[in-house]
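Below is model30.cif, holding mmCIF, C-alpha atoms and all ligand atoms.
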```cif
data_entry
loop_
_atom_site.label_atom_id
_atom_site.label_comp_id
_atom_site.auth_asym_id
_atom_site.auth_seq_id
_atom_site.Cartn_x
_atom_site.Cartn_y
_atom_site.Cartn_z
CA MET Z 252 143.81 -68.26 43.06
CA LEU Z 253 144.09 -70.71 40.15
CA ILE Z 254 141.04 -72.70 41.24
CA LYS Z 255 138.97 -69.59 41.93
CA ASN Z 256 139.70 -68.29 38.44
CA LEU Z 257 138.85 -71.65 36.91
CA ARG Z 258 135.48 -71.35 38.67
CA ARG Z 259 135.24 -67.80 37.30
CA GLU Z 260 135.19 -66.28 40.78
CA HIS Z 261 136.79 -62.88 41.44
CA THR Z 262 140.37 -62.67 42.72
CA ASP Z 263 142.28 -59.41 43.34
CA GLN Z 264 145.36 -60.68 41.51
CA THR Z 265 145.87 -62.72 38.37
CA PRO Z 266 147.31 -66.23 38.74
CA MET Z 267 150.24 -67.01 36.48
CA TRP Z 268 152.27 -69.90 35.13
CA LEU Z 269 154.11 -70.43 31.85
CA MET Z 270 153.98 -73.38 29.51
CA ARG Z 271 157.40 -75.11 29.67
CA GLN Z 272 158.29 -73.01 32.72
CA ALA Z 273 160.54 -75.83 33.93
CA GLY Z 274 162.96 -76.15 31.07
CA ARG Z 275 166.08 -75.28 29.22
CA TYR Z 276 165.97 -71.46 29.66
CA LEU Z 277 166.70 -72.05 33.38
CA PRO Z 278 170.40 -72.58 34.29
CA GLU Z 279 169.38 -74.65 37.33
CA TYR Z 280 167.36 -76.94 35.02
CA ARG Z 281 170.28 -77.44 32.63
CA GLU Z 282 172.50 -78.27 35.59
CA LEU Z 283 170.12 -80.88 37.00
CA ARG Z 284 169.42 -82.29 33.55
CA LYS Z 285 173.14 -83.00 33.14
CA LYS Z 286 173.16 -84.88 36.44
CA ALA Z 287 170.09 -86.95 35.51
CA GLY Z 288 171.47 -88.19 32.20
CA SER Z 289 168.68 -88.47 29.68
CA PHE Z 290 165.47 -86.47 29.63
CA LEU Z 291 163.43 -89.62 30.32
CA ASP Z 292 165.63 -90.50 33.30
CA LEU Z 293 164.69 -87.10 34.65
CA CYS Z 294 160.95 -87.67 34.02
CA TYR Z 295 161.04 -91.03 35.81
CA ASN Z 296 163.14 -89.92 38.79
CA PRO Z 297 160.62 -88.55 41.35
CA GLU Z 298 163.22 -86.79 43.46
CA LEU Z 299 164.82 -84.91 40.56
CA ALA Z 300 161.50 -84.31 38.75
CA THR Z 301 160.08 -82.81 41.96
CA GLU Z 302 163.04 -80.47 42.16
CA VAL Z 303 162.70 -79.40 38.51
CA THR Z 304 158.95 -78.79 38.93
CA LEU Z 305 159.66 -76.48 41.86
CA GLN Z 306 162.59 -74.56 40.30
CA PRO Z 307 160.50 -71.91 38.49
CA ILE Z 308 158.27 -71.45 41.56
CA ARG Z 309 161.30 -70.75 43.76
CA ARG Z 310 162.85 -68.35 41.25
CA TYR Z 311 159.73 -66.39 40.22
CA ASN Z 312 157.10 -67.17 42.84
CA PHE Z 313 154.61 -68.31 40.15
CA ASP Z 314 151.20 -69.36 41.49
CA VAL Z 315 151.07 -72.64 39.62
CA ALA Z 316 153.60 -75.46 39.32
CA ILE Z 317 153.22 -77.68 36.25
CA LEU Z 318 154.21 -81.27 36.80
CA PHE Z 319 157.49 -82.16 35.09
CA SER Z 320 156.85 -85.02 32.67
CA ASP Z 321 155.99 -85.30 28.98
CA ILE Z 322 152.94 -86.10 26.87
CA LEU Z 323 154.83 -89.01 25.25
CA VAL Z 324 155.10 -91.07 28.43
CA ILE Z 325 151.65 -92.49 27.56
CA PRO Z 326 152.74 -94.21 24.33
CA HIS Z 327 155.91 -95.24 26.19
CA ALA Z 328 153.77 -96.85 28.92
CA LEU Z 329 151.73 -98.55 26.18
CA GLY Z 330 154.88 -100.30 24.97
CA LEU Z 331 156.34 -98.09 22.22
CA ASP Z 332 160.08 -97.35 22.32
CA LEU Z 333 160.87 -93.74 23.16
CA LYS Z 334 164.10 -91.75 23.11
CA PHE Z 335 164.81 -88.05 23.34
CA VAL Z 336 167.66 -87.12 21.05
CA THR Z 337 169.49 -83.89 21.89
CA GLY Z 338 168.84 -81.27 19.24
CA GLU Z 339 166.22 -83.44 17.56
CA GLY Z 340 163.50 -83.93 20.15
CA PRO Z 341 161.46 -87.07 20.72
CA VAL Z 342 161.89 -90.22 18.64
CA LEU Z 343 158.93 -92.55 19.18
CA GLN Z 344 158.45 -96.00 17.67
CA LYS Z 345 155.69 -95.83 15.04
CA LEU Z 346 152.55 -97.95 14.81
CA GLU Z 347 152.22 -100.17 11.72
CA THR Z 348 149.55 -98.83 9.36
CA GLN Z 349 150.55 -100.44 6.03
CA SER Z 350 147.57 -102.75 6.17
CA ARG Z 351 144.38 -103.11 8.12
CA GLU Z 352 145.72 -106.30 9.73
CA ALA Z 353 149.00 -104.70 10.79
CA PHE Z 354 147.28 -101.62 12.25
CA GLY Z 355 144.73 -103.82 14.04
CA GLN Z 356 147.52 -105.94 15.55
CA SER Z 357 149.45 -102.84 16.71
CA LEU Z 358 146.31 -101.61 18.44
CA ALA Z 359 145.65 -104.98 20.08
CA ASP Z 360 149.19 -104.85 21.53
CA LEU Z 361 148.62 -101.35 22.90
CA GLU Z 362 145.26 -102.31 24.34
CA ASN Z 363 146.84 -105.16 26.29
CA ASN Z 364 149.14 -102.65 27.96
CA ILE Z 365 146.47 -100.20 29.21
CA GLN Z 366 146.35 -102.16 32.47
CA ASN Z 367 150.06 -101.42 33.00
CA VAL Z 368 149.84 -97.64 32.57
CA ARG Z 369 149.45 -96.82 36.24
CA THR Z 370 152.31 -99.07 37.35
CA PHE Z 371 154.60 -97.91 34.56
CA LEU Z 372 153.90 -94.26 35.36
CA ASN Z 373 154.01 -94.66 39.13
CA PRO Z 374 157.25 -92.58 39.30
CA VAL Z 375 155.28 -89.63 37.90
CA ALA Z 376 152.58 -90.12 40.56
CA GLN Z 377 155.38 -90.06 43.15
CA THR Z 378 156.60 -86.76 41.68
CA VAL Z 379 153.09 -85.32 42.10
CA LYS Z 380 153.15 -86.40 45.75
CA GLY Z 381 156.62 -84.93 46.28
CA VAL Z 382 155.72 -81.57 44.72
CA LYS Z 383 152.46 -81.34 46.63
CA ALA Z 384 154.28 -81.95 49.91
CA GLU Z 385 156.65 -79.04 49.27
CA LEU Z 386 154.33 -76.55 47.60
CA SER Z 387 152.85 -73.91 49.90
CA ALA Z 388 149.09 -74.06 50.44
CA GLU Z 389 148.24 -70.98 48.35
CA LYS Z 390 149.90 -72.45 45.25
CA ALA Z 391 148.43 -75.03 42.91
CA LEU Z 392 149.84 -78.05 41.12
CA MET Z 393 148.76 -78.59 37.52
CA GLY Z 394 148.88 -82.12 36.16
CA PHE Z 395 148.69 -82.80 32.43
CA CYS Z 396 148.58 -85.18 29.51
CA GLY Z 397 148.43 -84.84 25.74
CA ALA Z 398 145.09 -84.90 23.91
CA PRO Z 399 144.39 -88.14 21.99
CA TRP Z 400 144.88 -86.49 18.57
CA THR Z 401 148.24 -84.90 19.41
CA VAL Z 402 149.59 -88.07 21.04
CA ALA Z 403 148.35 -90.16 18.09
CA LEU Z 404 150.31 -87.91 15.71
CA TYR Z 405 153.54 -88.83 17.50
CA MET Z 406 152.59 -92.53 17.22
CA LEU Z 407 151.97 -92.39 13.47
CA ASP Z 408 153.74 -89.42 11.86
CA ASN Z 409 157.46 -88.75 11.88
CA LYS Z 410 157.34 -84.97 12.28
CA PRO Z 411 154.04 -83.86 13.84
CA SER Z 412 155.20 -80.25 13.75
CA LYS Z 413 155.36 -80.48 9.95
CA ALA Z 414 152.83 -83.05 8.73
CA SER Z 415 150.01 -85.30 9.86
CA ASP Z 416 149.52 -87.25 6.61
CA VAL Z 417 149.90 -90.74 8.06
CA THR Z 418 147.45 -90.07 10.89
CA ARG Z 419 144.88 -88.48 8.59
CA THR Z 420 145.25 -91.31 6.09
CA ALA Z 421 144.63 -93.83 8.86
CA ALA Z 422 141.49 -91.92 9.91
CA TYR Z 423 140.13 -92.08 6.34
CA ALA Z 424 141.27 -95.58 5.41
CA TYR Z 425 140.41 -97.33 8.69
CA PRO Z 426 137.86 -95.08 10.46
CA ASP Z 427 136.87 -97.77 12.97
CA LEU Z 428 140.50 -98.54 13.90
CA PHE Z 429 141.24 -94.82 14.22
CA ASP Z 430 138.34 -94.59 16.73
CA LYS Z 431 139.83 -97.55 18.56
CA LEU Z 432 143.19 -95.77 18.79
CA MET Z 433 141.44 -92.67 20.16
CA ASP Z 434 139.64 -94.87 22.72
CA ILE Z 435 142.90 -96.50 23.84
CA LEU Z 436 144.41 -93.04 24.34
CA VAL Z 437 141.31 -91.77 26.17
CA GLU Z 438 141.39 -94.74 28.52
CA SER Z 439 145.11 -94.62 29.23
CA SER Z 440 145.08 -90.82 29.67
CA PHE Z 441 142.16 -91.21 32.06
CA GLU Z 442 144.20 -93.67 34.15
CA TYR Z 443 147.24 -91.39 34.06
CA LEU Z 444 145.32 -88.22 35.03
CA SER Z 445 143.36 -90.10 37.69
CA SER Z 446 146.60 -91.14 39.35
CA GLN Z 447 147.87 -87.53 39.18
CA ILE Z 448 144.66 -86.21 40.78
CA GLU Z 449 144.59 -88.94 43.43
CA ASN Z 450 148.16 -88.03 44.37
CA GLY Z 451 147.54 -84.30 44.67
CA ALA Z 452 147.18 -82.50 41.31
CA ASP Z 453 144.75 -79.58 41.86
CA ALA Z 454 143.81 -79.19 38.19
CA VAL Z 455 144.81 -80.81 34.90
CA GLN Z 456 145.58 -79.51 31.43
CA ILE Z 457 145.10 -81.46 28.20
CA PHE Z 458 147.59 -80.33 25.54
CA ASP Z 459 146.31 -80.55 21.97
CA SER Z 460 149.34 -78.79 20.52
CA TRP Z 461 148.73 -79.97 16.96
CA ALA Z 462 144.95 -79.41 16.83
CA SER Z 463 145.85 -76.99 14.03
CA GLN Z 464 146.40 -80.04 11.79
CA ILE Z 465 142.89 -81.46 12.18
CA PRO Z 466 140.92 -81.12 8.94
CA ASP Z 467 137.39 -79.83 9.23
CA THR Z 468 135.97 -83.22 8.19
CA LEU Z 469 137.75 -84.93 11.10
CA PHE Z 470 137.09 -82.32 13.79
CA GLU Z 471 134.46 -84.42 15.55
CA LYS Z 472 136.32 -87.69 15.24
CA ALA Z 473 139.78 -86.41 16.18
CA LEU Z 474 138.97 -83.75 18.74
CA LEU Z 475 135.40 -83.29 19.98
CA ARG Z 476 134.53 -86.92 20.60
CA PRO Z 477 137.76 -88.22 22.21
CA THR Z 478 138.72 -85.10 24.16
CA LEU Z 479 135.23 -84.51 25.56
CA LYS Z 480 134.96 -88.19 26.39
CA LEU Z 481 138.13 -87.91 28.47
CA CYS Z 482 136.69 -84.80 30.17
CA ARG Z 483 133.41 -86.62 30.89
CA LEU Z 484 135.21 -89.57 32.51
CA LEU Z 485 137.25 -87.18 34.68
CA LYS Z 486 134.24 -85.03 35.65
CA ASN Z 487 132.30 -88.12 36.71
CA LYS Z 488 135.13 -89.33 38.91
CA PHE Z 489 136.55 -85.99 40.12
CA PRO Z 490 133.77 -83.37 39.86
CA GLN Z 491 135.81 -80.86 41.91
CA THR Z 492 138.97 -80.97 39.77
CA PRO Z 493 139.08 -78.29 37.05
CA ILE Z 494 140.15 -79.25 33.52
CA VAL Z 495 141.90 -76.90 31.09
CA LEU Z 496 142.05 -77.57 27.35
CA PHE Z 497 144.77 -76.21 25.05
CA PRO Z 498 143.60 -76.84 21.48
CA ARG Z 499 146.29 -74.93 19.62
CA GLY Z 500 145.41 -73.39 16.29
CA LEU Z 501 141.60 -73.72 16.20
CA SER Z 502 139.50 -71.15 14.35
CA GLU Z 503 137.07 -68.95 16.28
CA SER Z 504 134.08 -70.97 15.07
CA LYS Z 505 135.68 -74.20 16.29
CA LEU Z 506 136.58 -72.66 19.66
CA LEU Z 507 132.91 -71.66 20.01
CA ARG Z 508 131.71 -75.12 19.04
CA LEU Z 509 134.10 -76.82 21.46
CA THR Z 510 133.01 -74.51 24.28
CA ASP Z 511 129.29 -75.04 23.57
CA GLU Z 512 129.45 -78.82 23.13
CA GLY Z 513 131.82 -79.11 26.09
CA ALA Z 514 129.69 -76.98 28.44
CA GLY Z 515 130.13 -78.35 31.97
CA LEU Z 516 132.84 -80.79 30.86
CA PHE Z 517 135.85 -78.50 31.09
CA ASP Z 518 136.60 -75.30 32.97
CA GLY Z 519 139.43 -73.48 31.23
CA LEU Z 520 140.43 -72.80 27.65
CA SER Z 521 144.06 -71.93 26.94
CA LEU Z 522 144.38 -69.61 23.94
CA ASP Z 523 147.23 -69.72 21.45
CA TYR Z 524 148.77 -66.45 20.28
CA THR Z 525 146.76 -66.23 17.04
CA VAL Z 526 143.38 -65.91 18.83
CA ASP Z 527 141.83 -62.42 19.01
CA LEU Z 528 141.80 -61.95 22.79
CA GLN Z 529 139.03 -59.34 22.81
CA TRP Z 530 136.87 -61.67 20.71
CA ALA Z 531 137.54 -64.52 23.16
CA CYS Z 532 136.62 -62.36 26.17
CA ASP Z 533 133.41 -61.20 24.46
CA ASN Z 534 132.35 -64.64 23.25
CA LEU Z 535 133.84 -67.28 25.55
CA GLN Z 536 134.72 -65.83 28.95
CA ASP Z 537 131.11 -66.02 30.23
CA LYS Z 538 131.26 -69.78 29.61
CA VAL Z 539 134.84 -70.77 30.52
CA CYS Z 540 137.89 -69.35 32.22
CA LEU Z 541 140.48 -68.18 29.67
CA GLN Z 542 144.22 -68.68 29.86
CA GLY Z 543 147.26 -67.57 27.92
CA ASN Z 544 147.50 -65.78 24.55
CA LEU Z 545 150.73 -63.76 24.95
CA ASP Z 546 153.14 -64.51 22.10
CA PRO Z 547 156.09 -66.25 23.81
CA VAL Z 548 158.50 -64.66 21.33
CA VAL Z 549 157.84 -61.27 22.98
CA MET Z 550 160.21 -62.58 25.66
CA LEU Z 551 163.13 -62.23 23.24
CA SER Z 552 162.52 -58.47 22.76
CA ASN Z 553 163.28 -56.08 25.66
CA PRO Z 554 161.97 -55.39 29.19
CA GLN Z 555 159.89 -52.35 28.17
CA LYS Z 556 158.18 -54.23 25.33
CA ILE Z 557 157.56 -57.29 27.53
CA LYS Z 558 155.85 -55.11 30.14
CA GLU Z 559 153.76 -53.34 27.50
CA GLU Z 560 152.59 -56.54 25.80
CA ALA Z 561 151.79 -58.26 29.10
CA GLU Z 562 149.77 -55.24 30.27
CA LYS Z 563 147.85 -55.20 26.97
CA VAL Z 564 146.77 -58.78 27.63
CA LEU Z 565 145.95 -58.13 31.30
CA LYS Z 566 143.89 -55.05 30.46
CA ILE Z 567 141.68 -56.97 28.06
CA ALA Z 568 141.44 -60.30 29.89
CA THR Z 569 140.92 -59.20 33.50
CA GLN Z 570 137.74 -57.15 32.96
CA LYS Z 571 135.68 -60.22 33.83
CA PRO Z 572 136.47 -62.99 36.35
CA GLY Z 573 138.27 -66.05 35.00
CA TYR Z 574 141.69 -65.40 33.49
CA ILE Z 575 145.03 -67.17 34.06
CA PHE Z 576 148.16 -65.49 32.74
CA ASN Z 577 150.25 -67.65 30.40
CA PHE Z 578 151.76 -67.68 26.91
CA GLY Z 579 150.08 -68.79 23.70
CA HIS Z 580 152.65 -71.64 23.53
CA GLY Z 581 155.78 -72.76 25.40
CA ILE Z 582 158.65 -70.53 26.45
CA LEU Z 583 161.69 -70.71 24.15
CA PRO Z 584 164.99 -72.04 25.53
CA SER Z 585 166.81 -68.86 24.46
CA VAL Z 586 164.76 -66.49 26.65
CA PRO Z 587 166.95 -64.56 29.15
CA VAL Z 588 166.00 -65.35 32.76
CA GLU Z 589 165.88 -61.62 33.61
CA HIS Z 590 163.16 -61.12 31.01
CA VAL Z 591 161.00 -63.69 32.77
CA ALA Z 592 161.55 -61.76 36.03
CA VAL Z 593 160.21 -58.62 34.32
CA LEU Z 594 157.15 -60.52 33.15
CA ALA Z 595 156.49 -62.03 36.59
CA GLU Z 596 156.81 -58.62 38.24
CA THR Z 597 154.43 -57.06 35.71
CA VAL Z 598 151.74 -59.69 36.27
CA GLN Z 599 152.22 -59.83 40.03
CA ASN Z 600 151.93 -56.01 40.32
CA TRP Z 601 148.93 -55.72 38.02
CA GLN Z 602 145.91 -54.18 39.73
CA LYS Z 603 142.54 -55.00 38.24
CA SER Z 604 140.46 -51.90 37.55
O1 LIG T 1 166.24 -81.77 26.56
C1 LIG T 1 165.28 -81.50 27.27
O2 LIG T 1 165.39 -81.10 28.42
C2 LIG T 1 163.93 -81.80 26.66
C3 LIG T 1 163.05 -80.63 26.44
C4 LIG T 1 161.67 -81.01 26.95
C5 LIG T 1 161.06 -80.57 28.15
C6 LIG T 1 161.63 -79.63 29.17
C7 LIG T 1 160.78 -81.92 26.35
C8 LIG T 1 161.00 -82.70 25.11
N1 LIG T 1 159.65 -82.04 27.14
C9 LIG T 1 159.79 -81.22 28.25
C10 LIG T 1 158.85 -81.13 29.39
C11 LIG T 1 157.43 -80.95 29.09
N2 LIG T 1 156.76 -81.32 27.95
C12 LIG T 1 156.50 -80.40 30.00
C13 LIG T 1 156.90 -80.08 31.43
C14 LIG T 1 156.30 -79.05 32.18
C15 LIG T 1 156.51 -77.59 31.74
O3 LIG T 1 155.69 -77.11 30.94
O4 LIG T 1 157.40 -76.95 32.27
C16 LIG T 1 155.26 -80.37 29.33
C17 LIG T 1 153.94 -79.81 29.83
C18 LIG T 1 155.45 -80.95 28.05
C19 LIG T 1 154.36 -81.19 27.08
C20 LIG T 1 154.70 -81.54 25.69
N3 LIG T 1 155.67 -82.39 25.23
C21 LIG T 1 153.96 -81.09 24.56
C22 LIG T 1 152.74 -80.22 24.66
C23 LIG T 1 153.08 -78.80 24.87
C24 LIG T 1 153.77 -78.09 23.72
O5 LIG T 1 154.89 -77.62 23.94
O6 LIG T 1 153.19 -78.01 22.64
C25 LIG T 1 154.53 -81.65 23.42
C26 LIG T 1 154.10 -81.43 21.98
C27 LIG T 1 155.62 -82.48 23.85
C28 LIG T 1 156.50 -83.31 23.00
C29 LIG T 1 157.90 -82.86 23.16
N4 LIG T 1 158.68 -83.20 24.23
C30 LIG T 1 159.90 -82.61 24.12
C31 LIG T 1 159.90 -81.83 22.92
C32 LIG T 1 161.06 -81.05 22.41
C33 LIG T 1 158.62 -81.98 22.35
C34 LIG T 1 158.12 -81.31 21.09
C35 LIG T 1 158.61 -81.99 19.88
C36 LIG T 1 157.99 -81.44 18.60
O7 LIG T 1 158.17 -80.25 18.33
O8 LIG T 1 157.33 -82.21 17.92
#
```

Take the structure in the file and write it out as structure tokens.
Amino acid sequence: MLIKNLRREHTDQTPMWLMRQAGRYLPEYRELRKKAGSFLDLCYNPELATEVTLQPIRRYNFDVAILFSDILVIPHALGLDLKFVTGEGPVLQKLETQSREAFGQSLADLENNIQNVRTFLNPVAQTVKGVKAELSAEKALMGFCGAPWTVALYMLDNKPSKASDVTRTAAYAYPDLFDKLMDILVESSFEYLSSQIENGADAVQIFDSWASQIPDTLFEKALLRPTLKLCRLLKNKFPQTPIVLFPRGLSESKLLRLTDEGAGLFDGLSLDYTVDLQWACDNLQDKVCLQGNLDPVVMLSNPQKIKEEAEKVLKIATQKPGYIFNFGHGILPSVPVEHVAVLAETVQNWQKS
């Protein structure tokens, strides 16, 4: 059902998955997380990561499992120190950008490590294999990575959710080195996604969670060029594997530009919760499959409201073929599990008119 929708073919039902569906709102996740020790230990333990990936499928019968890993395993594989601190989130070693020489040297070190990405991330490939072996045939496994811009933010700025000053400064001060950083991330993400696809991922999503921070003047350099280059490499090697982009926080004109310039290079566009869904269906759905848009905070309200809001989305987005149910960003850890059951039931019972 996922693949058919990504090809914009008709299906009677609407496929569904939720960003961060395997995570802290699930008691069984918290339990297993305690056993694993650190978050990274969990990511790099194929047996436990397989189990965590499957937990939300078992509980809610979602159509799509998203691989359990993180976007920051790429910089980790490239040699930067990475820790996840409880209550704080990821702490990643920063690249040196004080001078052109220092930045250039940092990049040379990363570049030397591209050849190690596949070996370093082999445990994640083993997780893909493990999930695929247990997932029933009518369900799909989504692989993923971060988009070059969003991953670069974590390598340069301290709090990507708040500011991108260091990354933007680097793009202005050393435009050629910034391009080189994007290229390193394109190449290593290509290796990482290739290994996911070769081991059984049915589709892949590229998370550009902080695309909202890209200034207009850098849109081509930070998003269009690197992200579409990654898509082109994947399409050449795996023409049958659909690609979904999640460029969070782009304006309507930029979503249109991305969709036009990326025609044939990606298959699905995941919408954040600020996008006008009717506008997207009118202007984009004839070109790409749409995904998402429901405000994840709705899940903190009440069952009646959750049902109403989900049906609003379904009514608008399922008029044409090519829609995957999801949120406009990740599920919050404080969402009650029963509320997710209400959402799943609503989507699974929805009859297209
Ligand atoms: O303590 C814990 O258990 C850690 C919480 C957690 C989890 C469950 C983190 C830390 N990452 C993840 C898993 C994860 N991350 C998945 C697994 C699959 C699923 O969706 O169920 C995925 C797809 C991601 C992707 C990811 N990691 C993104 C892009 C999506 C998004 O949410 O915008 C980003 C930005 C990250 C970085 C990251 N990792 C973890 C946190 C808390 C963050 C965000 C930090 C920040 O706000 O800057």

- [ ] Please identify all polymer residues within 9 Å of Gln377 (chain Z), counting all atoms listed in the file, omitting same-chain residues fewer than 5 positions from it, and present them as a ChimeraX atom specification.
- [x] /Z:296-298,301,372,382,447,450

TODO: Go ahead and find all residues with at least one atom no further than 12 Å from (145.4, -90.2, 12.3) in the file's coordinates, using only C-alpha atoms; report them as a PyMOL selection string.
DONE: chain Z and resi 346+348+354+399-408+411+414-433+461-462+464-466+469-470+472-474

TODO: Could you tell me, counting only C-alpha atoms and all ligand atoms, which protein and nucleic acid residues lie no more than 8 Å from ligand LIG 1 (chain T), written as a ChimeraX atom specification?
DONE: /Z:269-275,281,284,289-290,304,317-323,335-341,395-397,401,405,410-412,458-461,580-581

Write the selection just made, keeping C-alpha atoms, as a PDB file, in the frame of the given file?
```
ATOM      1  CA  LEU Z 269     154.110 -70.430  31.850  1.00  0.00           C
ATOM      2  CA  MET Z 270     153.980 -73.380  29.510  1.00  0.00           C
ATOM      3  CA  ARG Z 271     157.400 -75.110  29.670  1.00  0.00           C
ATOM      4  CA  GLN Z 272     158.290 -73.010  32.720  1.00  0.00           C
ATOM      5  CA  ALA Z 273     160.540 -75.830  33.930  1.00  0.00           C
ATOM      6  CA  GLY Z 274     162.960 -76.150  31.070  1.00  0.00           C
ATOM      7  CA  ARG Z 275     166.080 -75.280  29.220  1.00  0.00           C
ATOM      8  CA  ARG Z 281     170.280 -77.440  32.630  1.00  0.00           C
ATOM      9  CA  ARG Z 284     169.420 -82.290  33.550  1.00  0.00           C
ATOM     10  CA  SER Z 289     168.680 -88.470  29.680  1.00  0.00           C
ATOM     11  CA  PHE Z 290     165.470 -86.470  29.630  1.00  0.00           C
ATOM     12  CA  THR Z 304     158.950 -78.790  38.930  1.00  0.00           C
ATOM     13  CA  ILE Z 317     153.220 -77.680  36.250  1.00  0.00           C
ATOM     14  CA  LEU Z 318     154.210 -81.270  36.800  1.00  0.00           C
ATOM     15  CA  PHE Z 319     157.490 -82.160  35.090  1.00  0.00           C
ATOM     16  CA  SER Z 320     156.850 -85.020  32.670  1.00  0.00           C
ATOM     17  CA  ASP Z 321     155.990 -85.300  28.980  1.00  0.00           C
ATOM     18  CA  ILE Z 322     152.940 -86.100  26.870  1.00  0.00           C
ATOM     19  CA  LEU Z 323     154.830 -89.010  25.250  1.00  0.00           C
ATOM     20  CA  PHE Z 335     164.810 -88.050  23.340  1.00  0.00           C
ATOM     21  CA  VAL Z 336     167.660 -87.120  21.050  1.00  0.00           C
ATOM     22  CA  THR Z 337     169.490 -83.890  21.890  1.00  0.00           C
ATOM     23  CA  GLY Z 338     168.840 -81.270  19.240  1.00  0.00           C
ATOM     24  CA  GLU Z 339     166.220 -83.440  17.560  1.00  0.00           C
ATOM     25  CA  GLY Z 340     163.500 -83.930  20.150  1.00  0.00           C
ATOM     26  CA  PRO Z 341     161.460 -87.070  20.720  1.00  0.00           C
ATOM     27  CA  PHE Z 395     148.690 -82.800  32.430  1.00  0.00           C
ATOM     28  CA  CYS Z 396     148.580 -85.180  29.510  1.00  0.00           C
ATOM     29  CA  GLY Z 397     148.430 -84.840  25.740  1.00  0.00           C
ATOM     30  CA  THR Z 401     148.240 -84.900  19.410  1.00  0.00           C
ATOM     31  CA  TYR Z 405     153.540 -88.830  17.500  1.00  0.00           C
ATOM     32  CA  LYS Z 410     157.340 -84.970  12.280  1.00  0.00           C
ATOM     33  CA  PRO Z 411     154.040 -83.860  13.840  1.00  0.00           C
ATOM     34  CA  SER Z 412     155.200 -80.250  13.750  1.00  0.00           C
ATOM     35  CA  PHE Z 458     147.590 -80.330  25.540  1.00  0.00           C
ATOM     36  CA  ASP Z 459     146.310 -80.550  21.970  1.00  0.00           C
ATOM     37  CA  SER Z 460     149.340 -78.790  20.520  1.00  0.00           C
ATOM     38  CA  TRP Z 461     148.730 -79.970  16.960  1.00  0.00           C
ATOM     39  CA  HIS Z 580     152.650 -71.640  23.530  1.00  0.00           C
ATOM     40  CA  GLY Z 581     155.780 -72.760  25.400  1.00  0.00           C
TER      41      GLY Z 581
END
```

TODO: Tell me which protein, DNA and RNA residues are within 9 Å of Pro374 (chain Z), counting all atoms listed in the file, leaving out same-chain ones fewer than 4 positions away, and put them as a PyMOL selection string.
DONE: chain Z and resi 294-297+370+378-379

TODO: Could you please determine the separation between CA of Ala316 (chain Z) and CA of Leu329 (chain Z) in Å, to one decimal place?
DONE: 26.6 Å

TODO: Find the distance between CA of Lys255 (chain Z) and CA of Gly573 (chain Z) and write it in Å to one decimal.
DONE: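 Rounded to one decimal, the two atoms are 7.8 Å apart.
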
Task: Selection: 10 Å around Trp530 (chain Z), all atoms listed in the file, excl. self and same-chain fewer than 4 positions, as a PyMOL selection string - done: chain Z and resi 503+526+534-536+567

Could you save the residues just selected, with C-alpha atoms, as a PDB file, keeping the file's coordinate frame?
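Result went into again.pdb, see below:
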```pdb
ATOM      1  CA  GLU Z 503     137.070 -68.950  16.280  1.00  0.00           C
ATOM      2  CA  VAL Z 526     143.380 -65.910  18.830  1.00  0.00           C
ATOM      3  CA  ASN Z 534     132.350 -64.640  23.250  1.00  0.00           C
ATOM      4  CA  LEU Z 535     133.840 -67.280  25.550  1.00  0.00           C
ATOM      5  CA  GLN Z 536     134.720 -65.830  28.950  1.00  0.00           C
ATOM      6  CA  ILE Z 567     141.680 -56.970  28.060  1.00  0.00           C
TER       7      ILE Z 567
END
```

- [ ] Pick out the closest residue to Val375 (chain Z) from this set: Z:Leu507, Z:Leu293, Z:Val598, Z:Leu485. Count all atoms listed in the file.
- [x]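 Once distances to Val375 (chain Z) are computed over all atoms listed in the file, the minimum belongs to Z:Leu293.
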
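With all atoms listed in the file as the atoms that count, the minimum distance from Met550 (chain Z) to the choices Z:Lys334, Z:Asn367, Z:Gly355, Z:Tyr276 is reached by Z:Tyr276.
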
As JSON, please report the centre and edge lengths, rounded to one decimal in Å, of the axis-aligned box that holds all listed atoms of region 593-597 of chain Z with 3 Å of padding on each of the six sides.
```
{"center_x": 157.3, "center_y": -59.5, "center_z": 35.7, "size_x": 11.8, "size_y": 11.0, "size_z": 11.1}
```

- [ ] Point out the residue among Z:Asp332, Z:Met267, Z:Arg258, Z:Asp292 with the least atom-to-atom distance to Tyr311 (chain Z), counting all atoms listed in the file.
- [x]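 Looking at the shortest contact to Tyr311 (chain Z), the residue is Z:Met267.
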
Open item on the list: Just the number, please: distance in Å from CA of Ala376 (chain Z) to CA of Met393 (chain Z), one decimal.
Closed with: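 Straight-line distance from CA of Ala376 (chain Z) to CA of Met393 (chain Z) works out to 12.5 Å.
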
TODO: Write out as a list in words which residues come within 9 Å of Glu560 (chain Z) when counting only C-alpha atoms, dropping same-chain ones fewer than 4 positions away.
DONE: Leu545, Asp546, Val549, Gln555, Lys556, Val564 and Leu565 of chain Z

Task: Proximity to Ala452 (chain Z) - best of Z:Gln529, Z:Asp263, Z:Thr492, Z:Arg351, all atoms listed in the file - done: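 Among the listed residues, the smallest separation from Ala452 (chain Z) belongs to Z:Thr492.
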
Open item on the list: Using all atoms listed in the file, can you tell me which of Z:Leu541, Z:Leu283, Z:Cys482, Z:Leu496 comes closest to Leu516 (chain Z)?
Closed with: Z:Cys482

Task: Shortest interatomic distance to Asp434 (chain Z) - which of Z:His261, Z:Leu361, Z:Glu449, Z:Gly381, counting only C-alpha atoms - done: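 Of Z:His261, Z:Leu361, Z:Glu449, Z:Gly381, the one nearest Asp434 (chain Z) is Z:Leu361, counting only C-alpha atoms.
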